[in-house]
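Novice: One structure coming up, written as structure tokens, with questions to follow.
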Amino acid sequence: MIYNVYSHSLVLRYRAYLFSKASFFQLIATILLVVCPYVIAFRSSGFWLKENMYREMPIVNYEYNAIVQISTNKDRTLVWSTYNLLNDILISQNEFAIATVKSNEHDFNLDGRKDKLKFSASFQLNSDEIVTHVSSLFFFDYQFILFSRLMLKGMAYVQSSDYFGGSKLSIIGDLDFIQRELVPYKGVNRDNYDAVISPTVYAESYDFAEILDKYSSRNFTTRFQNSYSFWNRGFSEQNLFVLDVSVNFREQLIRYKPGFWELMKFAWIQYLAIFLIFQFVFNRVKIFVFENQLFPTIIVHPFKTKSL
């Protein structure tokens with residue numbers, strides 16, 4: 001029995017002068033082979049990777065700075081804060097709230113990054129008062145370090161209202177990263193690392209609407225969202241109002257601008273996928289053209305017949 005041990009193809013060479021129809025055809029075919037896949041890939045959109053995404057757990061640290069504003073059914077507004085200059089203003093206006101405050105951060109999975117902030121405050125009220133509205137601001141140091149080092153000041157605006165009011169309010173939510181532009185893929189970005197509040201002796205500097213308006217104009221911010229609130233109705237026996245706030249820090253989806261090599265890698269994969277199809281088709285066309293001598297060429301065989 002006889003079987004094939006090895007095989008290979010024989011190559012026929014087609015030669016022509018530089019300025020000939022065959023050479024011109026080969027030039028046009030090569031240009032089309034290179035250009036057509038690029039045009040198709042580009043026109044199909046998404047050829048150049050303009051942005052990409054990755055996930056990272058942020059490094060969040062509570063700065064132990066906060067402002068809490070409560071409103072009662074007696075049209076009285078009280079404010080507690082960690083800013084001494086603001087407290088002086090509040091005391092002079094008889095609006096300072098005396099409160100017992102506790103706060104702690106938790107790292108449940110022991111990965112070195114905080115997972116939750118728990119804040120609790122108890123306010124002393126008059127016997128006929130009940131709280132109907134709460135607004136508060138909490139301030140954080142917020143960073144990402146996986147690709148570029150992005151450093152910003154985070155803020156959580158927490159608020160809730162109830163027509164009937166209550167003796168206790170519990171709020172739970174997430175502190176999420178908000179971006180108005182792409183994050184650079186490398187380097188250090190501290191453009192949004194300025195303090196949200198610059199303590200002054202002017203009461204206007206601590207106006208919530210003004211603070212929120214200025215903070216929202218930053219390119220990288222945080223927002224307290226996906227929140228749930230629960231009011232305990234009725235008066236407290238000790239004339240106390242208790243505020244419990246839980247802020248969760250979770251993994252964030254970050255949009256960034258790809259670097260040069262990532263851009264080229266993504267584009268090359270798309271180009272090559274289309275190029276291989278065109279190369280197969282163009283090879284079949286050129287074989288037909290040259291085998292049938294549609295453009296005259298000199299055929300060079302891989303072997304010569306020798307006479308004995």
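Residues are referred to by chain and number: the chain letter is A, B, ... according to the order shown in the structure tokens, the number counts from 1 in that chain, and ligands are numbered separately from 1 in the order shown.
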Which parts of segment 61-307 of chain A does DSSP call strand (DSSP E) when run on the backbone here, written out as a PyMOL selection string?
Specialist: chain A and resi 61-72+77-81+99-106+116-124+131-144+149-166+168-179+183-184+188-192+220-232+240-248+252-257+298-300
Novice: Please save C-alpha atoms of the selected residues as an mmCIF file, in the first residue's frame.
Specialist:
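Below is the file out_36.cif, written as the result:
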```cif
data_model
loop_
_atom_site.group_PDB
_atom_site.id
_atom_site.type_symbol
_atom_site.label_atom_id
_atom_site.label_comp_id
_atom_site.auth_asym_id
_atom_site.auth_seq_id
_atom_site.Cartn_x
_atom_site.Cartn_y
_atom_site.Cartn_z
ATOM 1 C CA ASN A 61 -11.939 58.008 54.249
ATOM 2 C CA TYR A 62 -14.485 59.987 56.199
ATOM 3 C CA GLU A 63 -12.976 63.394 57.023
ATOM 4 C CA TYR A 64 -15.085 63.712 60.185
ATOM 5 C CA ASN A 65 -16.584 66.896 58.816
ATOM 6 C CA ALA A 66 -20.340 67.224 58.536
ATOM 7 C CA ILE A 67 -23.235 69.656 58.713
ATOM 8 C CA VAL A 68 -26.668 68.494 59.869
ATOM 9 C CA GLN A 69 -29.737 70.696 59.596
ATOM 10 C CA ILE A 70 -33.064 69.731 61.172
ATOM 11 C CA SER A 71 -36.441 71.475 60.916
ATOM 12 C CA THR A 72 -39.240 71.013 63.434
ATOM 13 C CA THR A 77 -34.323 75.231 62.261
ATOM 14 C CA LEU A 78 -31.335 73.868 64.150
ATOM 15 C CA VAL A 79 -27.878 73.143 62.742
ATOM 16 C CA TRP A 80 -25.029 71.039 64.053
ATOM 17 C CA SER A 81 -21.604 71.106 62.396
ATOM 18 C CA ALA A 99 -26.039 66.857 69.735
ATOM 19 C CA THR A 100 -24.340 63.656 70.834
ATOM 20 C CA VAL A 101 -22.555 62.294 67.793
ATOM 21 C CA LYS A 102 -20.948 58.928 67.069
ATOM 22 C CA SER A 103 -19.347 57.827 63.799
ATOM 23 C CA ASN A 104 -17.262 54.848 62.757
ATOM 24 C CA GLU A 105 -16.009 53.251 59.563
ATOM 25 C CA HIS A 106 -16.041 49.531 58.795
ATOM 26 C CA LYS A 116 -19.299 51.574 55.243
ATOM 27 C CA LEU A 117 -19.672 54.689 57.373
ATOM 28 C CA LYS A 118 -22.131 54.662 60.253
ATOM 29 C CA PHE A 119 -23.108 58.051 61.646
ATOM 30 C CA SER A 120 -25.462 58.586 64.571
ATOM 31 C CA ALA A 121 -26.551 61.833 66.215
ATOM 32 C CA SER A 122 -29.040 62.565 69.027
ATOM 33 C CA PHE A 123 -30.572 66.058 69.245
ATOM 34 C CA GLN A 124 -32.306 67.545 72.254
ATOM 35 C CA VAL A 131 -38.618 66.874 63.477
ATOM 36 C CA THR A 132 -40.163 66.945 59.988
ATOM 37 C CA HIS A 133 -37.134 67.517 57.758
ATOM 38 C CA VAL A 134 -33.430 66.639 57.823
ATOM 39 C CA SER A 135 -30.671 67.817 55.465
ATOM 40 C CA SER A 136 -27.050 66.905 55.987
ATOM 41 C CA LEU A 137 -23.672 67.017 54.271
ATOM 42 C CA PHE A 138 -20.861 64.544 54.889
ATOM 43 C CA PHE A 139 -17.361 64.992 53.465
ATOM 44 C CA PHE A 140 -14.885 62.334 52.329
ATOM 45 C CA ASP A 141 -11.421 61.830 50.888
ATOM 46 C CA TYR A 142 -12.008 59.732 47.749
ATOM 47 C CA GLN A 143 -9.312 58.109 45.561
ATOM 48 C CA PHE A 144 -8.706 55.603 42.762
ATOM 49 C CA ARG A 149 -4.245 58.168 40.554
ATOM 50 C CA LEU A 150 -7.474 60.138 40.763
ATOM 51 C CA MET A 151 -7.908 62.160 43.944
ATOM 52 C CA LEU A 152 -11.061 64.093 44.756
ATOM 53 C CA LYS A 153 -13.158 65.371 47.609
ATOM 54 C CA GLY A 154 -16.326 63.362 48.021
ATOM 55 C CA MET A 155 -19.571 64.652 49.472
ATOM 56 C CA ALA A 156 -22.838 62.978 50.425
ATOM 57 C CA TYR A 157 -25.973 65.094 50.521
ATOM 58 C CA VAL A 158 -28.477 63.209 52.668
ATOM 59 C CA GLN A 159 -31.996 64.532 53.153
ATOM 60 C CA SER A 160 -35.475 63.304 53.969
ATOM 61 C CA SER A 161 -38.844 64.820 54.871
ATOM 62 C CA ASP A 162 -42.025 63.565 56.483
ATOM 63 C CA TYR A 163 -45.229 65.548 56.872
ATOM 64 C CA PHE A 164 -46.043 64.036 60.256
ATOM 65 C CA GLY A 165 -42.428 63.958 61.450
ATOM 66 C CA GLY A 166 -40.897 61.525 63.882
ATOM 67 C CA LYS A 168 -35.984 58.938 64.653
ATOM 68 C CA LEU A 169 -34.814 58.840 61.043
ATOM 69 C CA SER A 170 -32.744 56.004 59.565
ATOM 70 C CA ILE A 171 -31.212 56.442 56.118
ATOM 71 C CA ILE A 172 -29.165 53.913 54.145
ATOM 72 C CA GLY A 173 -27.568 54.563 50.745
ATOM 73 C CA ASP A 174 -24.512 54.295 48.498
ATOM 74 C CA LEU A 175 -21.825 56.867 47.838
ATOM 75 C CA ASP A 176 -21.282 56.599 44.078
ATOM 76 C CA PHE A 177 -18.668 58.136 41.808
ATOM 77 C CA ILE A 178 -19.985 60.622 39.218
ATOM 78 C CA GLN A 179 -17.829 61.762 36.285
ATOM 79 C CA VAL A 183 -10.427 59.701 33.555
ATOM 80 C CA PRO A 184 -6.850 59.759 32.147
ATOM 81 C CA VAL A 188 -2.043 61.912 38.837
ATOM 82 C CA ASN A 189 -5.203 64.023 38.780
ATOM 83 C CA ARG A 190 -5.775 66.406 41.704
ATOM 84 C CA ASP A 191 -7.954 68.958 39.902
ATOM 85 C CA ASN A 192 -10.958 68.166 42.127
ATOM 86 C CA PHE A 220 -15.434 64.349 39.302
ATOM 87 C CA THR A 221 -17.826 64.176 42.259
ATOM 88 C CA THR A 222 -19.691 61.722 44.446
ATOM 89 C CA ARG A 223 -23.408 61.388 45.062
ATOM 90 C CA PHE A 224 -25.467 59.713 47.755
ATOM 91 C CA GLN A 225 -28.022 57.602 45.902
ATOM 92 C CA ASN A 226 -29.900 54.305 45.894
ATOM 93 C CA SER A 227 -31.111 55.394 49.340
ATOM 94 C CA TYR A 228 -33.830 54.160 51.675
ATOM 95 C CA SER A 229 -35.245 56.112 54.610
ATOM 96 C CA PHE A 230 -37.483 55.166 57.515
ATOM 97 C CA TRP A 231 -39.157 57.475 60.048
ATOM 98 C CA ASN A 232 -40.217 56.447 63.547
ATOM 99 C CA LEU A 240 -34.714 63.403 71.609
ATOM 100 C CA PHE A 241 -34.463 63.102 67.866
ATOM 101 C CA VAL A 242 -32.085 60.402 66.609
ATOM 102 C CA LEU A 243 -30.509 60.460 63.159
ATOM 103 C CA ASP A 244 -28.838 57.261 61.881
ATOM 104 C CA VAL A 245 -27.052 57.416 58.539
ATOM 105 C CA SER A 246 -25.304 54.479 56.849
ATOM 106 C CA VAL A 247 -23.182 55.248 53.798
ATOM 107 C CA ASN A 248 -21.996 52.256 51.772
ATOM 108 C CA GLN A 252 -17.314 51.679 41.001
ATOM 109 C CA LEU A 253 -17.426 51.532 37.201
ATOM 110 C CA ILE A 254 -14.939 54.079 35.835
ATOM 111 C CA ARG A 255 -14.811 55.390 32.257
ATOM 112 C CA TYR A 256 -11.322 56.292 31.060
ATOM 113 C CA LYS A 257 -9.501 57.407 27.928
ATOM 114 C CA ILE A 298 6.026 35.899 -18.407
ATOM 115 C CA ILE A 299 5.355 32.640 -16.549
ATOM 116 C CA VAL A 300 8.317 31.191 -14.639
#
```
Novice: Find the residues near Ser92 of chain A: any atom within 12 Å, counting only C-alpha atoms, skip ones fewer than 5 places away on the same chain, and give them as a list in words.
Specialist: Leu85, Leu86, Asn87, Val201 and Ala203 of chain A
Novice: Keeping only all heavy atoms, write those residues as a compact mmCIF listing (two decimals), in the first residue's frame.
Specialist:
```
# COMPACT_ATOMS: atom_id res chain seq x y z
N LEU A 85 -16.18 78.07 62.92
CA LEU A 85 -16.64 79.38 62.48
C LEU A 85 -18.14 79.38 62.22
O LEU A 85 -18.85 80.35 62.54
CB LEU A 85 -15.89 79.82 61.22
CG LEU A 85 -14.38 80.10 61.41
CD1 LEU A 85 -13.73 80.44 60.07
CD2 LEU A 85 -14.18 81.25 62.39
N LEU A 86 -18.64 78.30 61.64
CA LEU A 86 -20.08 78.20 61.42
C LEU A 86 -20.81 78.09 62.75
O LEU A 86 -21.87 78.70 62.94
CB LEU A 86 -20.39 76.98 60.54
CG LEU A 86 -21.88 76.63 60.37
CD1 LEU A 86 -22.65 77.79 59.76
CD2 LEU A 86 -22.04 75.36 59.51
N ASN A 87 -20.25 77.34 63.68
CA ASN A 87 -20.89 77.19 65.00
C ASN A 87 -21.00 78.54 65.71
O ASN A 87 -22.00 78.81 66.39
CB ASN A 87 -20.11 76.20 65.85
CG ASN A 87 -20.21 74.78 65.29
OD1 ASN A 87 -21.13 74.46 64.54
ND2 ASN A 87 -19.26 73.93 65.65
N VAL A 201 -16.22 83.45 58.00
CA VAL A 201 -17.10 84.02 59.03
C VAL A 201 -18.43 84.47 58.44
O VAL A 201 -19.25 85.06 59.14
CB VAL A 201 -16.40 85.21 59.73
CG1 VAL A 201 -15.17 84.74 60.48
CG2 VAL A 201 -16.04 86.29 58.70
N ALA A 203 -22.07 83.66 56.80
CA ALA A 203 -23.07 82.59 56.82
C ALA A 203 -23.39 82.08 55.41
O ALA A 203 -23.74 80.90 55.23
CB ALA A 203 -24.35 83.10 57.50
```
Novice: DSSP on the backbone: what in segment 25-234 of chain A comes out helix (DSSP H, G or I), as a ChimeraX atom specification?
Specialist: /A:25-43,84-92,203-206,208-216
Novice: Please compute the atom CA of Arg250 of chain A-atom CA of Leu182 of chain A distance, one decimal, in Å.
Specialist: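 Computed distance, atom CA of Arg250 of chain A to atom CA of Leu182 of chain A, equals 19.9 Å.
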Novice: To one decimal place, how far is atom CA of Ser7 of chain A from atom CA of Pro302 of chain A in Å?
Specialist: 15.0 Å
